[in-house]
>>> print(open('work-v1.tsv').read())   # TSV, C-alpha atoms
chain	number	residue	atom	x	y	z
P	1	MET	CA	14.43	6.04	24.15
P	2	LYS	CA	15.16	8.75	21.63
P	3	ILE	CA	13.89	7.36	18.31
P	4	VAL	CA	14.15	8.85	14.83
P	5	VAL	CA	11.60	7.72	12.21
P	6	LEU	CA	12.87	8.14	8.65
P	7	GLY	CA	9.89	8.83	6.41
P	8	ALA	CA	6.60	10.69	6.93
P	9	GLY	CA	4.33	8.61	4.74
P	10	VAL	CA	1.36	6.82	6.25
P	11	VAL	CA	3.60	4.03	7.63
P	12	GLY	CA	6.13	6.45	9.12
P	13	VAL	CA	3.49	8.66	10.75
P	14	ALA	CA	1.69	5.63	12.21
P	15	SER	CA	5.02	4.35	13.55
P	16	ALA	CA	5.69	7.72	15.17
P	17	TRP	CA	2.26	7.71	16.82
P	18	TYR	CA	2.58	4.30	18.43
P	19	LEU	CA	6.19	4.89	19.47
P	20	SER	CA	5.21	8.17	21.10
P	21	ARG	CA	2.29	6.48	22.88
P	22	ALA	CA	4.80	3.96	24.24
P	23	GLY	CA	6.67	6.82	25.92
P	24	HIS	CA	9.57	7.44	23.53
P	25	GLU	CA	10.93	10.78	22.39
P	26	VAL	CA	10.20	10.65	18.66
P	27	THR	CA	11.46	12.71	15.73
P	28	VAL	CA	10.22	12.19	12.16
P	29	ILE	CA	12.45	13.22	9.23
P	30	ASP	CA	11.21	13.60	5.66
P	31	ARG	CA	12.41	15.36	2.53
P	32	GLN	CA	8.95	16.75	1.74
P	33	SER	CA	7.36	19.82	3.34
P	34	ALA	CA	4.41	17.89	4.81
P	35	ALA	CA	3.36	14.35	5.68
P	36	ALA	CA	2.23	11.86	3.02
P	37	GLN	CA	3.34	13.77	-0.06
P	38	GLU	CA	4.68	10.82	-2.04
P	39	THR	CA	3.36	7.23	-2.19
P	40	SER	CA	0.62	7.92	0.38
P	41	PHE	CA	-0.61	11.06	-1.39
P	42	ALA	CA	-3.25	9.83	-3.85
P	43	ASN	CA	-3.38	6.06	-3.56
P	44	GLY	CA	-6.41	3.82	-3.99
P	45	GLY	CA	-7.89	4.68	-0.61
P	46	GLN	CA	-8.75	1.13	0.46
P	47	ILE	CA	-8.33	-0.56	3.84
P	48	ALA	CA	-8.38	-3.87	2.02
P	49	VAL	CA	-7.85	-7.08	3.96
P	50	SER	CA	-9.61	-8.70	1.00
P	51	HIS	CA	-6.73	-7.60	-1.26
P	52	ALA	CA	-4.17	-9.66	0.66
P	53	GLU	CA	-3.44	-12.18	-2.09
P	54	PRO	CA	0.22	-11.56	-3.01
P	55	TRP	CA	1.22	-10.39	-6.45
P	56	ALA	CA	3.42	-13.50	-6.64
P	57	ASN	CA	0.92	-16.26	-7.40
P	58	PRO	CA	0.80	-19.06	-10.00
P	59	ALA	CA	-1.23	-17.01	-12.51
P	60	THR	CA	1.05	-13.95	-12.57
P	61	PRO	CA	4.03	-15.12	-14.72
P	62	ARG	CA	1.72	-16.02	-17.61
P	63	LYS	CA	-0.03	-12.65	-17.38
P	64	ILE	CA	3.24	-10.73	-17.33
P	65	TRP	CA	4.36	-12.58	-20.45
P	66	GLN	CA	1.07	-11.82	-22.21
P	67	TRP	CA	1.27	-8.14	-21.28
P	68	LEU	CA	4.89	-7.57	-22.38
P	69	GLY	CA	5.05	-4.59	-24.73
P	70	GLN	CA	1.48	-3.43	-24.01
P	71	GLU	CA	1.81	0.17	-22.87
P	72	ASP	CA	-1.56	0.09	-21.09
P	73	ALA	CA	-1.09	-3.37	-19.50
P	74	PRO	CA	-2.27	-3.71	-15.89
P	75	LEU	CA	1.24	-4.88	-14.99
P	76	LEU	CA	4.02	-3.54	-17.18
P	77	LEU	CA	7.62	-4.71	-16.79
P	78	ARG	CA	10.16	-2.50	-18.55
P	79	LEU	CA	13.18	-4.74	-19.08
P	80	ARG	CA	16.48	-3.00	-18.41
P	81	ALA	CA	20.03	-3.75	-17.31
P	82	ASP	CA	19.39	-3.48	-13.59
P	83	PRO	CA	20.97	-6.27	-11.47
P	84	ALA	CA	18.69	-5.46	-8.52
P	85	LEU	CA	15.61	-5.88	-10.73
P	86	TRP	CA	16.81	-9.24	-12.08
P	87	ARG	CA	17.65	-10.55	-8.60
P	88	TRP	CA	14.28	-9.40	-7.35
P	89	SER	CA	12.49	-10.94	-10.37
P	90	TRP	CA	14.10	-14.34	-9.75
P	91	ARG	CA	12.97	-14.30	-6.12
P	92	PHE	CA	9.52	-13.16	-7.25
P	93	LEU	CA	9.21	-16.13	-9.62
P	94	LEU	CA	10.13	-18.51	-6.79
P	95	GLU	CA	7.34	-16.97	-4.68
P	96	CYS	CA	4.83	-17.60	-7.49
P	97	ARG	CA	4.65	-21.31	-6.62
P	98	ALA	CA	1.28	-22.31	-5.17
P	99	ARG	CA	2.85	-23.48	-1.91
P	100	ARG	CA	4.65	-20.19	-1.40
P	101	THR	CA	1.59	-18.14	-2.36
P	102	ARG	CA	-0.52	-19.87	0.26
P	103	ALA	CA	2.24	-19.46	2.87
P	104	ASN	CA	2.49	-15.72	2.15
P	105	ILE	CA	-1.27	-15.12	2.34
P	106	GLY	CA	-1.14	-16.03	6.03
P	107	PRO	CA	1.07	-13.22	7.41
P	108	ILE	CA	-0.32	-10.66	4.95
P	109	THR	CA	-3.92	-11.37	5.97
P	110	THR	CA	-3.07	-11.55	9.67
P	111	LEU	CA	-1.31	-8.17	9.61
P	112	ALA	CA	-4.01	-6.54	7.46
P	113	GLN	CA	-6.78	-7.68	9.80
P	114	TYR	CA	-4.83	-6.57	12.86
P	115	SER	CA	-4.12	-3.21	11.27
P	116	ARG	CA	-7.76	-2.62	10.45
P	117	SER	CA	-8.69	-3.26	14.08
P	118	CYS	CA	-5.88	-0.91	15.21
P	119	LEU	CA	-7.23	1.80	12.91
P	120	GLN	CA	-10.71	1.38	14.34
P	121	ALA	CA	-9.36	1.57	17.89
P	122	LEU	CA	-7.34	4.67	16.98
P	123	ARG	CA	-10.44	6.41	15.61
P	124	ALA	CA	-12.29	5.67	18.84
P	125	GLU	CA	-9.34	6.85	20.97
P	126	LEU	CA	-9.05	10.18	19.17
P	127	ALA	CA	-12.79	10.85	18.80
P	128	PRO	CA	-13.02	12.81	22.12
P	129	GLN	CA	-10.20	15.08	20.90
P	130	GLY	CA	-11.92	15.99	17.64
P	131	GLY	CA	-11.25	12.74	15.84
P	132	LEU	CA	-9.87	11.78	12.46
P	133	HIS	CA	-11.87	12.84	9.40
P	134	TYR	CA	-10.54	11.51	6.12
P	135	ASP	CA	-13.66	10.69	4.05
P	136	GLN	CA	-13.75	7.27	5.65
P	137	LEU	CA	-16.50	4.82	4.71
P	138	GLN	CA	-17.23	1.44	6.30
P	139	ARG	CA	-19.24	-0.05	3.44
P	140	GLY	CA	-16.99	-3.00	2.60
P	141	ILE	CA	-15.10	-3.71	-0.62
P	142	LEU	CA	-16.70	-5.36	-3.64
P	143	HIS	CA	-14.42	-7.32	-5.99
P	144	LEU	CA	-16.02	-7.47	-9.44
P	145	TYR	CA	-15.20	-9.60	-12.46
P	146	THR	CA	-15.99	-9.27	-16.15
P	147	ASP	CA	-14.01	-12.35	-17.22
P	148	ALA	CA	-15.22	-15.85	-16.30
P	149	LYS	CA	-11.71	-17.29	-15.96
P	150	GLU	CA	-10.61	-14.45	-13.69
P	151	PHE	CA	-13.72	-15.01	-11.59
P	152	GLU	CA	-12.98	-18.72	-11.25
P	153	GLN	CA	-9.41	-18.02	-10.11
P	154	ALA	CA	-10.66	-15.39	-7.67
P	155	LEU	CA	-13.07	-17.83	-6.05
P	156	HIS	CA	-10.13	-20.13	-5.33
P	157	ALA	CA	-8.11	-17.28	-3.80
P	158	ALA	CA	-11.12	-16.13	-1.77
P	159	ALA	CA	-11.52	-19.64	-0.35
P	160	ILE	CA	-7.89	-19.64	0.83
P	161	MET	CA	-8.33	-16.24	2.42
P	162	ARG	CA	-11.45	-17.40	4.25
P	163	ASP	CA	-9.26	-20.06	5.84
P	164	TYR	CA	-7.31	-17.15	7.39
P	165	GLY	CA	-10.42	-15.37	8.62
P	166	CYS	CA	-11.01	-12.92	5.74
P	167	ASP	CA	-14.62	-13.21	4.63
P	168	ARG	CA	-14.76	-12.79	0.85
P	169	ARG	CA	-18.33	-13.88	0.07
P	170	PRO	CA	-19.02	-14.98	-3.55
P	171	LEU	CA	-21.74	-13.04	-5.37
P	172	THR	CA	-23.73	-13.27	-8.57
P	173	ALA	CA	-23.70	-10.35	-10.99
P	174	ASP	CA	-27.15	-9.29	-9.78
P	175	GLU	CA	-25.96	-9.34	-6.17
P	176	CYS	CA	-23.04	-7.09	-7.15
P	177	VAL	CA	-25.46	-4.55	-8.61
P	178	ALA	CA	-27.63	-4.76	-5.50
P	179	ILE	CA	-24.63	-3.78	-3.35
P	180	GLU	CA	-23.49	-1.03	-5.74
P	181	PRO	CA	-26.39	0.24	-7.91
P	182	ALA	CA	-24.05	2.45	-9.94
P	183	LEU	CA	-22.99	-0.77	-11.71
P	184	ALA	CA	-26.48	-1.27	-13.18
P	185	SER	CA	-25.52	0.08	-16.61
P	186	ALA	CA	-22.62	-2.40	-16.77
P	187	ARG	CA	-24.66	-5.39	-15.61
P	188	GLY	CA	-24.16	-7.13	-18.97
P	189	ARG	CA	-20.39	-7.10	-18.51
P	190	LEU	CA	-20.36	-8.64	-15.04
P	191	VAL	CA	-19.93	-12.38	-14.46
P	192	GLY	CA	-19.80	-12.23	-10.66
P	193	GLY	CA	-17.93	-10.88	-7.68
P	194	ASP	CA	-17.13	-11.30	-4.04
P	195	PHE	CA	-17.71	-8.99	-1.09
P	196	SER	CA	-15.82	-8.25	2.11
P	197	ALA	CA	-18.23	-6.39	4.35
P	198	GLU	CA	-15.68	-5.43	7.02
P	199	ASP	CA	-13.26	-3.61	4.72
P	200	GLU	CA	-13.14	0.18	4.59
P	201	SER	CA	-11.98	3.11	2.48
P	202	GLY	CA	-10.66	6.61	3.07
P	203	ASP	CA	-8.11	9.22	2.04
P	204	ALA	CA	-4.66	8.11	3.22
P	205	GLN	CA	-3.13	11.57	2.77
P	206	ARG	CA	-5.78	13.28	4.88
P	207	PHE	CA	-5.48	10.58	7.53
P	208	SER	CA	-1.69	10.94	7.64
P	209	SER	CA	-1.84	14.72	7.83
P	210	GLN	CA	-4.33	14.67	10.69
P	211	LEU	CA	-2.52	11.91	12.59
P	212	ALA	CA	0.70	13.92	12.19
P	213	ALA	CA	-1.07	16.84	13.89
P	214	PHE	CA	-2.06	14.57	16.78
P	215	CYS	CA	1.56	13.35	16.91
P	216	ARG	CA	2.76	16.93	17.29
P	217	ARG	CA	0.29	17.53	20.10
P	218	ALA	CA	1.70	14.42	21.78
P	219	GLY	CA	5.24	15.80	21.54
P	220	VAL	CA	6.55	14.26	18.31
P	221	SER	CA	8.95	16.52	16.43
P	222	PHE	CA	8.85	16.71	12.63
P	223	ARG	CA	11.98	17.68	10.70
P	224	LEU	CA	10.62	18.34	7.20
P	225	ASP	CA	12.39	19.50	4.03
P	226	THR	CA	15.31	17.41	5.26
P	227	VAL	CA	17.04	14.73	3.18
P	228	ILE	CA	18.82	11.82	4.88
P	229	ARG	CA	22.03	11.12	3.00
P	230	ARG	CA	23.46	8.22	4.96
P	231	LEU	CA	23.38	6.25	8.19
P	232	GLU	CA	26.45	6.02	10.40
P	233	ARG	CA	27.35	2.91	12.33
P	234	ASP	CA	29.77	2.22	15.11
P	235	GLY	CA	30.58	-1.49	15.09
P	236	ASP	CA	27.29	-3.38	15.09
P	237	ARG	CA	25.13	-0.36	16.02
P	238	VAL	CA	23.66	2.44	13.90
P	239	VAL	CA	24.31	5.63	15.85
P	240	ALA	CA	23.48	8.58	13.60
P	241	ALA	CA	21.82	9.86	10.46
P	242	HIS	CA	23.51	12.49	8.29
P	243	THR	CA	21.40	15.05	6.42
P	244	ASP	CA	21.90	17.01	3.22
P	245	SER	CA	22.80	20.09	5.28
P	246	GLY	CA	25.69	18.25	6.94
P	247	GLU	CA	23.88	17.78	10.25
P	248	ARG	CA	24.56	14.63	12.26
P	249	ILE	CA	21.44	13.44	14.12
P	250	THR	CA	21.98	10.89	16.88
P	251	ALA	CA	19.40	8.64	18.53
P	252	ASP	CA	19.02	5.37	20.42
P	253	ALA	CA	17.09	3.84	17.54
P	254	PHE	CA	16.24	4.57	13.91
P	255	VAL	CA	13.14	3.33	12.10
P	256	LEU	CA	13.47	3.01	8.33
P	257	ALA	CA	10.07	3.79	6.75
P	258	LEU	CA	11.20	5.20	3.41
P	259	GLY	CA	9.29	2.80	1.18
P	260	SER	CA	10.97	2.23	-2.19
P	261	TYR	CA	13.92	4.37	-1.17
P	262	SER	CA	14.82	2.21	1.84
P	263	PRO	CA	17.40	-0.01	0.05
P	264	GLN	CA	19.49	3.03	-0.91
P	265	LEU	CA	20.24	3.84	2.74
P	266	LEU	CA	20.92	0.22	3.64
P	267	ARG	CA	23.28	-0.64	0.81
P	268	PRO	CA	26.31	1.23	2.25
P	269	LEU	CA	25.78	-0.76	5.47
P	270	GLY	CA	26.14	-4.02	3.55
P	271	LEU	CA	22.42	-4.80	3.76
P	272	SER	CA	20.57	-5.89	0.62
P	273	LEU	CA	16.86	-5.21	0.97
P	274	PRO	CA	14.77	-6.89	-1.78
P	275	VAL	CA	12.39	-3.98	-2.31
P	276	ILE	CA	11.84	-2.37	-5.72
P	277	PRO	CA	9.49	0.42	-6.82
P	278	ALA	CA	6.28	-0.38	-8.69
P	279	LYS	CA	4.74	2.76	-10.12
P	280	GLY	CA	1.02	2.99	-9.56
P	281	TYR	CA	-1.31	5.53	-11.15
P	282	SER	CA	-4.45	7.28	-9.95
P	283	ALA	CA	-7.05	9.65	-11.32
P	284	THR	CA	-9.23	11.71	-8.99
P	285	LEU	CA	-12.56	12.91	-10.35
P	286	THR	CA	-14.63	15.70	-8.81
P	287	LEU	CA	-18.28	14.67	-8.88
P	288	PRO	CA	-21.41	16.80	-9.17
P	289	GLU	CA	-24.15	16.00	-6.68
P	290	ASP	CA	-26.24	14.06	-9.21
P	291	SER	CA	-23.41	11.99	-10.72
P	292	VAL	CA	-24.04	8.24	-11.03
P	293	ALA	CA	-20.88	7.14	-9.23
P	294	PRO	CA	-20.09	4.26	-6.89
P	295	VAL	CA	-20.17	4.70	-3.13
P	296	THR	CA	-19.02	1.20	-2.16
P	297	SER	CA	-15.29	0.76	-2.74
P	298	LEU	CA	-14.61	-1.55	-5.69
P	299	THR	CA	-11.73	-3.68	-6.90
P	300	ASP	CA	-11.46	-4.69	-10.55
P	301	ASP	CA	-8.95	-7.54	-10.33
P	302	GLN	CA	-8.71	-8.13	-14.07
P	303	TYR	CA	-7.50	-4.59	-14.73
P	304	LYS	CA	-5.76	-4.21	-11.35
P	305	LEU	CA	-7.82	-1.11	-10.49
P	306	VAL	CA	-9.68	0.10	-7.43
P	307	PHE	CA	-12.42	2.70	-7.11
P	308	SER	CA	-12.97	4.58	-3.84
P	309	ARG	CA	-15.50	7.27	-3.05
P	310	LEU	CA	-13.87	10.10	-1.09
P	311	GLY	CA	-16.66	12.55	-0.36
P	312	GLN	CA	-17.51	14.23	-3.65
P	313	ARG	CA	-14.45	12.73	-5.29
P	314	LEU	CA	-13.92	9.38	-6.98
P	315	ARG	CA	-10.42	7.94	-6.81
P	316	ILE	CA	-9.50	5.42	-9.54
P	317	ALA	CA	-6.12	3.86	-8.86
P	318	GLY	CA	-3.98	0.88	-9.64
P	319	THR	CA	-1.88	-0.84	-12.29
P	320	ALA	CA	1.83	-1.46	-11.77
P	321	GLU	CA	4.70	-0.27	-13.92
P	322	PHE	CA	8.18	-1.55	-13.10
P	323	ALA	CA	10.23	1.31	-14.50
P	324	GLY	CA	12.70	2.10	-11.75
P	325	PHE	CA	12.27	5.45	-10.01
P	326	ASP	CA	10.73	7.21	-13.00
P	327	LEU	CA	7.80	9.37	-11.84
P	328	ALA	CA	6.74	10.69	-15.25
P	329	LEU	CA	3.04	10.32	-16.00
P	330	ASN	CA	2.43	8.09	-19.01
P	331	PRO	CA	-0.66	9.44	-20.86
P	332	VAL	CA	-1.48	6.00	-22.26
P	333	ARG	CA	-1.71	4.54	-18.77
P	334	CYS	CA	-3.63	7.55	-17.50
P	335	ASP	CA	-6.17	7.12	-20.28
P	336	ALA	CA	-6.50	3.41	-19.43
P	337	LEU	CA	-7.85	4.38	-15.99
P	338	LEU	CA	-10.56	6.55	-17.51
P	339	ARG	CA	-11.39	4.10	-20.29
P	340	ARG	CA	-12.14	1.30	-17.81
P	341	THR	CA	-14.10	3.72	-15.63
P	342	ARG	CA	-16.30	4.66	-18.60
P	343	GLN	CA	-16.90	0.97	-19.35
P	344	LEU	CA	-18.13	0.25	-15.83
P	345	PHE	CA	-19.89	3.56	-15.20
P	346	PRO	CA	-21.06	4.96	-18.56
P	347	GLU	CA	-23.40	7.45	-16.89
P	348	LEU	CA	-20.73	8.91	-14.57
P	349	ARG	CA	-20.12	12.65	-14.95
P	350	ASP	CA	-17.37	14.75	-13.43
P	351	SER	CA	-17.28	18.52	-12.94
P	352	ALA	CA	-13.57	19.18	-13.47
P	353	PRO	CA	-10.64	17.67	-15.39
P	354	PRO	CA	-9.25	14.54	-13.71
P	355	GLN	CA	-6.24	14.95	-11.46
P	356	PHE	CA	-3.63	12.35	-12.41
P	357	TRP	CA	-0.89	11.17	-10.07
P	358	CYS	CA	1.63	8.38	-9.74
P	359	GLY	CA	3.61	6.99	-6.82
P	360	LEU	CA	6.19	4.28	-6.18
P	361	ARG	CA	4.94	1.34	-4.15
P	362	PRO	CA	7.69	-0.55	-2.28
P	363	VAL	CA	7.24	-4.17	-3.35
P	364	THR	CA	8.90	-7.28	-1.92
P	365	PRO	CA	9.04	-10.56	-3.90
P	366	SER	CA	6.55	-12.18	-1.51
P	367	SER	CA	4.41	-9.08	-0.80
P	368	VAL	CA	5.25	-9.62	2.90
P	369	PRO	CA	6.71	-6.39	4.33
P	370	PHE	CA	9.85	-6.11	6.45
P	371	ILE	CA	8.90	-5.16	10.02
P	372	GLY	CA	11.32	-5.57	12.90
P	373	ALA	CA	15.00	-5.49	13.80
P	374	SER	CA	17.85	-5.49	11.31
P	375	ARG	CA	21.14	-7.17	12.14
P	376	TYR	CA	22.46	-3.80	13.34
P	377	ARG	CA	21.45	-2.75	16.81
P	378	GLY	CA	19.38	0.41	16.81
P	379	LEU	CA	18.18	-0.01	13.22
P	380	TRP	CA	14.58	-1.13	12.72
P	381	LEU	CA	12.63	-1.71	9.52
P	382	ASN	CA	9.04	-0.87	8.60
P	383	THR	CA	8.94	-0.98	4.83
P	384	GLY	CA	8.00	-3.04	1.77
P	385	HIS	CA	4.21	-2.89	2.14
P	386	GLY	CA	3.53	-2.78	-1.61
P	387	THR	CA	-0.08	-1.89	-2.42
P	388	LEU	CA	-1.15	-2.37	1.21
P	389	GLY	CA	0.72	0.42	2.97
P	390	TRP	CA	-2.50	2.23	3.90
P	391	THR	CA	-4.15	-1.05	4.90
P	392	MET	CA	-1.22	-2.17	7.08
P	393	ALA	CA	0.01	1.17	8.44
P	394	CYS	CA	-1.55	1.20	11.92
P	395	GLY	CA	-0.89	-2.47	12.59
P	396	SER	CA	2.70	-2.18	11.39
P	397	GLY	CA	3.30	0.85	13.61
P	398	ARG	CA	1.91	-0.83	16.68
P	399	LEU	CA	3.70	-4.11	15.94
P	400	LEU	CA	7.00	-2.28	15.60
P	401	ALA	CA	6.47	-0.29	18.81
P	402	ASP	CA	5.88	-3.55	20.70
P	403	LEU	CA	9.02	-5.13	19.24
P	404	ILE	CA	11.18	-2.11	20.12
P	405	ALA	CA	9.82	-2.18	23.67
P	406	GLY	CA	10.59	-5.88	23.99
P	407	ARG	CA	6.90	-6.75	24.38
P	408	THR	CA	5.30	-9.76	22.76
P	409	PRO	CA	3.14	-8.36	19.91
P	410	ASP	CA	-0.54	-9.18	19.62
P	411	ILE	CA	0.13	-11.11	16.41
P	412	ALA	CA	2.93	-13.35	15.21
P	413	PHE	CA	4.77	-11.94	12.21
P	414	PRO	CA	7.97	-13.13	10.50
P	415	ALA	CA	11.11	-11.24	11.53
P	416	PRO	CA	13.23	-9.68	8.77
P	417	ALA	CA	16.08	-11.94	7.63
P	418	LEU	CA	18.37	-8.98	7.13
>>> encode(input="work-v1.tsv", output="structure tokens")
Amino acid sequence: MKIVVLGAGVVGVASAWYLSRAGHEVTVIDRQSAAAQETSFANGGQIAVSHAEPWANPATPRKIWQWLGQEDAPLLLRLRADPALWRWSWRFLLECRARRTRANIGPITTLAQYSRSCLQALRAELAPQGGLHYDQLQRGILHLYTDAKEFEQALHAAAIMRDYGCDRRPLTADECVAIEPALASARGRLVGGDFSAEDESGDAQRFSSQLAAFCRRAGVSFRLDTVIRRLERDGDRVVAAHTDSGERITADAFVLALGSYSPQLLRPLGLSLPVIPAKGYSATLTLPEDSVAPVTSLTDDQYKLVFSRLGQRLRIAGTAEFAGFDLALNPVRCDALLRRTRQLFPELRDSAPPQFWCGLRPVTPSSVPFIGASRYRGLWLNTGHGTLGWTMACGSGRLLADLIAGRTPDIAFPAPAL
């Protein structure tokens, strides 16, 4: 078939790769001048099956209430007159029930594990052709805790995830330092942790850019600097996409991989996609050779931050700010990233001013993404991955390619009710 992928982030590029490998004629359209220039540009860098616990869990409503009005809160909800936000928030609260949280962990963990194995297979497949080089490390992910109550709750979540095959092994504070010696100066703050040895880290933007180059070599066409204004349907089928230049692009199928911007294209078709943007921040530090900085990727659940070593750079990323599509950098939240970094790594030195960035994560109420067919023929969804877009990208792309081809996918995953 002739297939158009809308969006050249990490999910869109991975979708294009697997669709092309399945024999389709693929075109990718994106408003930016290169792949992965928005949400995939400077994210946390983790391939984190261990981070598959959904945001909607029994502890979250209380935390949101406690954090209201705190400008540097790990999760900041800016209340505003937005009907979509209120509808989404109500569904989110329903998903916070313990029964729903456990039910959602299953598909999230299954897809994340599958995606990690797809990524590993992809690296092996492309190695003879020069390979993918994106500062990847296979040193696991260490979740660390400086609050005893947070640690106790995490042990419960880790036990549920082990039921689904994700090995999050509990650790003492001393064992955390043994895995990541850069934490030695903060030993007194630590109460414990857990470790997932099979998780990975790497630069999502570099991966996407290099995979896009392989896509081009395989025949995929990229239409960049092109804005999609609307989708055209004929009866129950989507038949064309219209661009900002007035061009009408036809295809047999369209894949919507526009992250937080996906609902805007669906709304005129009468489809209500419960995806809203959650602004995440990152700071990238350039490290001198002798800097005392972590090498193992870390997750600080209490402050909703991750730390990933990307060559001679350290990426600190996380927090969530529900502020619509605002992409302005908030200096208070930027400073919060560095303040927590200094607490955990007081001896860390950088050799240049930090590079701050923010991006809009596409979040569903359940944290389960939408992957599969819409109710319109020819329109497929691959969006709503939240904080796990990089983790789930390869698995989502391959899953979608199998569904479009009518093949039974390697994993079972809930179809979009849309």
>>> atom_distance(input="work-v1.tsv", atom1="atom CA of Pro288 of chain P", atom2="atom CA of Gln312 of chain P")
7.2 Å
>>> residues_around(input="work-v1.tsv", residues="Tyr164 of chain P", least_positions_apart="4", cutoff="9 Å", atoms="only C-alpha atoms", output="ChimeraX atom specification")
/P:105-106,109-110,160
>>> atom_distance(input="work-v1.tsv", atom1="atom CA of Leu122 of chain P", atom2="atom CA of Met161 of chain P")
25.5 Å
>>> closest_residue(input="work-v1.tsv", among="P:Phe195, P:Tyr134, P:Trp65, P:Trp390", to="Val10 of chain P", atoms="all atoms listed in the file")
P:Trp390
>>> residues_around(input="work-v1.tsv", residues="Asp194 of chain P", least_positions_apart="6", cutoff="9 Å", atoms="all atoms listed in the file", output="list of chain:residue names")
P:Ile141, P:Leu142, P:His143, P:Leu144, P:Tyr145, P:Ala154, P:Leu155, P:Ala158, P:Arg168, P:Arg169, P:Pro170, P:Leu171, P:Thr172, P:Cys176
>>> residues_around(input="work-v1.tsv", residues="Gly44 of chain P", least_positions_apart="3", cutoff="8 Å", atoms="all atoms listed in the file", output="PyMOL selection string")
chain P and resi 282+306-308+315-318
>>> write_last_selection(input="work-v1.tsv", atoms="C-alpha atoms", output="mmCIF file, in the frame of the given file")
data_model
loop_
_atom_site.group_PDB
_atom_site.id
_atom_site.type_symbol
_atom_site.label_atom_id
_atom_site.label_comp_id
_atom_site.auth_asym_id
_atom_site.auth_seq_id
_atom_site.Cartn_x
_atom_site.Cartn_y
_atom_site.Cartn_z
ATOM 1 C CA SER P 282 -4.450 7.280 -9.950
ATOM 2 C CA VAL P 306 -9.680 0.100 -7.430
ATOM 3 C CA PHE P 307 -12.420 2.700 -7.110
ATOM 4 C CA SER P 308 -12.970 4.580 -3.840
ATOM 5 C CA ARG P 315 -10.420 7.940 -6.810
ATOM 6 C CA ILE P 316 -9.500 5.420 -9.540
ATOM 7 C CA ALA P 317 -6.120 3.860 -8.860
ATOM 8 C CA GLY P 318 -3.980 0.880 -9.640
#
>>> atom_distance(input="work-v1.tsv", atom1="atom CA of Arg361 of chain P", atom2="atom CA of Phe207 of chain P")
18.2 Å
>>> residues_around(input="work-v1.tsv", residues="Asp147 of chain P", least_positions_apart="6", cutoff="9 Å", atoms="all atoms listed in the file", output="PDB file with C-alpha atoms, keeping the file's coordinate frame")
ATOM      1  CA  ARG P 189     -20.390  -7.100 -18.510  1.00  0.00           C
ATOM      2  CA  LEU P 190     -20.360  -8.640 -15.040  1.00  0.00           C
ATOM      3  CA  VAL P 191     -19.930 -12.380 -14.460  1.00  0.00           C
ATOM      4  CA  GLY P 192     -19.800 -12.230 -10.660  1.00  0.00           C
ATOM      5  CA  GLN P 302      -8.710  -8.130 -14.070  1.00  0.00           C
TER       6      GLN P 302
END
